[in-house]
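Report on the following structure.
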Amino acid sequence: MDKSTKEKRFKYNEITDNYINRESKFDLSKLYEQTHSELTLQQSKRDQIITLYLSIFSLLIPIAFSIEGFSNLDKGLIFLAVAVVGVIFSVITVRYRIYKEVYWLCCETITCMMNIKNEKLNKDTVQSLFYRSLSKKGNNFCINGKWSSYLYFKKNLFSSETLHYLIITLLTSALFGLGIFLTLPLKLGVALAISVASGAVLMTMLMLSYFYNCIAVYAVLKDGLDKSFNRTFGKAWFLHIYIDDYKEDKIKS
């Protein structure tokens, strides 16, 4: 017998029009304040991560060089461990950057929603306004109406957001390269070449990951796909103020 037939299925009540208050009032001003507060929080968290990593860097590196009895291998492992922490912090920082971008779009969308009749604030309207905000900002990175990842890269390469991220990637890559250099039992020239190449590769990967994820926010402008829009809109949870109308999918046995 199929295992799925033995397990207890989740039961739920279908939300119909009888449950929904179509005349409810949305406090958009309060919603805007909460969204803007969350946006500011993302930036604050990013700054805290950078400060924490700089503290770890300034504390552990001098200790590693000053403690007697530590071999090059021991020091190298310490540097590699700190570099791993840097990679983790880099991933977290990228997530904060993405949510900050989405919350900016949310704030602009909510501002537009204030000019819409309450009875018109349904799923289609909210998503259309969000797309309008997305498209308005995304047009700055388009050439002849077509999305240009190169233009996005060019315009954001020296932005404050990118430079903040660059601090972590530079430190992380340098520590990674130094850790590789100290742990390799090779000739000086060979070990130096491998360590520099390793640091450069890691930095390139981290920067590519940063821009790839930032550009993914605007993916719908490139491919026009529903899933690309929903991937971004799904993060804009402040705008999910409506009840989805859907039909239950039939489960095939």
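Ordering of the structure tokens sets the chain letters (A, B, ...), residue numbers begin anew at 1 in every chain, and ligands are numbered from 1 in the order given.
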Can you tell me, as a ChimeraX atom specification, which residues in region 7-229 of chain A count as strand (DSSP E or B) by DSSP? /A:142-143,146-147
File dump, residues just selected, all heavy atoms, as a tab-separated table (two decimals), in the first residue's frame:
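Generated output (selection.tsv):
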```
chain	number	residue	atom	x	y	z
A	142	CYS	N	18.40	49.74	-18.34
A	142	CYS	CA	17.99	49.21	-19.63
A	142	CYS	C	18.60	50.03	-20.77
A	142	CYS	O	18.80	51.24	-20.64
A	142	CYS	CB	16.47	49.22	-19.76
A	142	CYS	SG	15.62	48.04	-18.67
A	143	ILE	N	18.88	49.36	-21.86
A	143	ILE	CA	19.37	50.01	-23.08
A	143	ILE	C	18.38	49.69	-24.20
A	143	ILE	O	18.14	48.53	-24.50
A	143	ILE	CB	20.78	49.51	-23.46
A	143	ILE	CG1	21.78	49.82	-22.33
A	143	ILE	CG2	21.24	50.16	-24.76
A	143	ILE	CD1	23.18	49.29	-22.60
A	146	LYS	N	15.69	47.26	-23.25
A	146	LYS	CA	16.08	45.90	-22.89
A	146	LYS	C	17.03	45.92	-21.69
A	146	LYS	O	17.92	46.76	-21.62
A	146	LYS	CB	16.74	45.19	-24.08
A	146	LYS	CG	15.79	44.93	-25.24
A	146	LYS	CD	16.48	44.13	-26.34
A	146	LYS	CE	15.51	43.84	-27.48
A	146	LYS	NZ	16.16	43.04	-28.55
A	147	TRP	N	16.81	44.97	-20.80
A	147	TRP	CA	17.63	44.90	-19.58
A	147	TRP	C	19.10	44.67	-19.93
A	147	TRP	O	19.42	43.86	-20.79
A	147	TRP	CB	17.14	43.78	-18.67
A	147	TRP	CG	18.03	43.57	-17.48
A	147	TRP	CD1	19.03	42.66	-17.35
A	147	TRP	CD2	18.00	44.31	-16.26
A	147	TRP	NE1	19.64	42.79	-16.13
A	147	TRP	CE2	19.03	43.80	-15.43
A	147	TRP	CE3	17.22	45.38	-15.79
A	147	TRP	CZ2	19.27	44.31	-14.16
A	147	TRP	CZ3	17.47	45.87	-14.52
A	147	TRP	CH2	18.49	45.34	-13.73
```
Sorted by chain and rising residue number, which residues of region 24-107 of chain A lie within 8 Å of region 216-236 of chain A, and what are their closest atom pairs and distances in Å to one decimal, counting only C-alpha atoms, as a tab-separated table?
```
residue	atom	partner	partner_atom	distance
A:Ile98	CA	A:Val217	CA	7.3
A:Tyr99	CA	A:Lys235	CA	7.1
A:Val102	CA	A:Ala236	CA	6.2
A:Tyr103	CA	A:Ala236	CA	6.7
A:Cys106	CA	A:Ala236	CA	6.4
```
Could you list, as an MDAnalysis selection string, every residue within 12 Å of Val82 (chain A), counting only C-alpha atoms and ignoring same-chain residues fewer than 5 positions away? chainID A and resid 52:61 64 75:77 87:89 168 171:179
For the selection just defined, write its residues with C-alpha atoms to a file, as a PDB file, in the first residue's frame.
```pdb
ATOM      1  CA  LEU A  52      31.924  42.444  13.881  1.00  0.00           C
ATOM      2  CA  TYR A  53      34.105  41.021  11.126  1.00  0.00           C
ATOM      3  CA  LEU A  54      36.575  43.890  11.407  1.00  0.00           C
ATOM      4  CA  SER A  55      36.741  43.224  15.143  1.00  0.00           C
ATOM      5  CA  ILE A  56      37.439  39.524  14.553  1.00  0.00           C
ATOM      6  CA  PHE A  57      40.065  40.429  11.969  1.00  0.00           C
ATOM      7  CA  SER A  58      41.848  42.976  14.179  1.00  0.00           C
ATOM      8  CA  LEU A  59      41.771  40.655  17.197  1.00  0.00           C
ATOM      9  CA  LEU A  60      42.738  37.250  15.827  1.00  0.00           C
ATOM     10  CA  ILE A  61      45.353  38.196  13.232  1.00  0.00           C
ATOM     11  CA  ALA A  64      48.093  34.426  15.461  1.00  0.00           C
ATOM     12  CA  LYS A  75      48.522  30.131  11.613  1.00  0.00           C
ATOM     13  CA  GLY A  76      47.249  29.197   8.180  1.00  0.00           C
ATOM     14  CA  LEU A  77      44.370  27.225   9.646  1.00  0.00           C
ATOM     15  CA  VAL A  87      32.274  33.928   3.454  1.00  0.00           C
ATOM     16  CA  ILE A  88      29.297  33.262   5.740  1.00  0.00           C
ATOM     17  CA  PHE A  89      29.047  36.959   6.599  1.00  0.00           C
ATOM     18  CA  ILE A 168      34.213  42.022   3.616  1.00  0.00           C
ATOM     19  CA  LEU A 171      39.420  40.928   3.911  1.00  0.00           C
ATOM     20  CA  THR A 172      38.007  37.466   3.356  1.00  0.00           C
ATOM     21  CA  SER A 173      39.939  36.902   0.134  1.00  0.00           C
ATOM     22  CA  ALA A 174      43.187  38.211   1.640  1.00  0.00           C
ATOM     23  CA  LEU A 175      42.836  35.911   4.649  1.00  0.00           C
ATOM     24  CA  PHE A 176      41.973  32.976   2.439  1.00  0.00           C
ATOM     25  CA  GLY A 177      45.009  33.564   0.247  1.00  0.00           C
ATOM     26  CA  LEU A 178      47.265  34.006   3.285  1.00  0.00           C
ATOM     27  CA  GLY A 179      45.887  30.843   4.861  1.00  0.00           C
TER      28      GLY A 179
END
```
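As for CA of Thr204 (chain A) and CA of Asn156 (chain A), they are spaced 15.9 Å apart.
In this structure, CA of Arg97 (chain A) sits 14.8 Å away from CA of Phe158 (chain A).
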A:Ile167, A:Leu134, A:Leu202, A:Leu121: which is nearest Asp47 (chain A), counting only C-alpha atoms?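 Selected residue with least distance to Asp47 (chain A): A:Ile167.
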Output as number ranges by chain all residues of region 55-207 of chain A that backbone DSSP marks as alpha helix (DSSP H). A: 55-66, 72-113, 123-138, 149-156, 160-183, 188-207
Might you pull out every residue within 12 Å of Glu38 (chain A), with only C-alpha atoms counted and same-chain residues fewer than 5 positions away left off, and present them as JSON, numbers by chain? {"A": [31, 32, 33, 43, 44, 45, 96, 99, 100, 101, 102, 103, 104, 106, 107, 236, 237, 238]}
Write out the residues from the selection above, keeping C-alpha atoms, as a short mmCIF file (atom, residue, chain, number, x, y, z; two decimals), in the first residue's frame.
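Generated output (selection_19.cif):
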```
data_model
loop_
_atom_site.label_atom_id
_atom_site.label_comp_id
_atom_site.auth_asym_id
_atom_site.auth_seq_id
_atom_site.Cartn_x
_atom_site.Cartn_y
_atom_site.Cartn_z
CA LEU A 31 2.32 50.09 6.80
CA TYR A 32 4.75 52.49 5.14
CA GLU A 33 6.35 53.31 8.50
CA GLN A 43 21.17 48.43 6.70
CA SER A 44 21.86 48.47 10.43
CA LYS A 45 22.35 44.69 10.45
CA TYR A 96 20.32 42.02 3.66
CA TYR A 99 15.75 42.69 1.20
CA LYS A 100 16.76 46.34 1.42
CA GLU A 101 16.21 46.66 -2.33
CA VAL A 102 12.81 44.96 -2.09
CA TYR A 103 11.74 47.13 0.85
CA TRP A 104 12.64 50.25 -1.13
CA CYS A 106 7.66 48.29 -1.17
CA CYS A 107 7.85 51.85 0.13
CA ALA A 236 7.69 41.94 -0.28
CA TRP A 237 5.58 40.45 2.48
CA PHE A 238 4.33 43.87 3.62
#
```
Within 10 Å of Asn72 (chain A), counting only C-alpha atoms, which residues show up once you throw out same-chain ones fewer than 6 positions away? Write them as JSON, numbers by chain, please. {"A": [64, 65, 78, 179, 181, 182, 183, 184, 185]}
Minimum-distance residue to Cys214 (chain A), chosen among A:Ile180, A:Val94, A:Leu163, A:Leu186 (using only C-alpha atoms):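 Among A:Ile180, A:Val94, A:Leu163, A:Leu186, it is A:Val94 that comes nearest to Cys214 (chain A).
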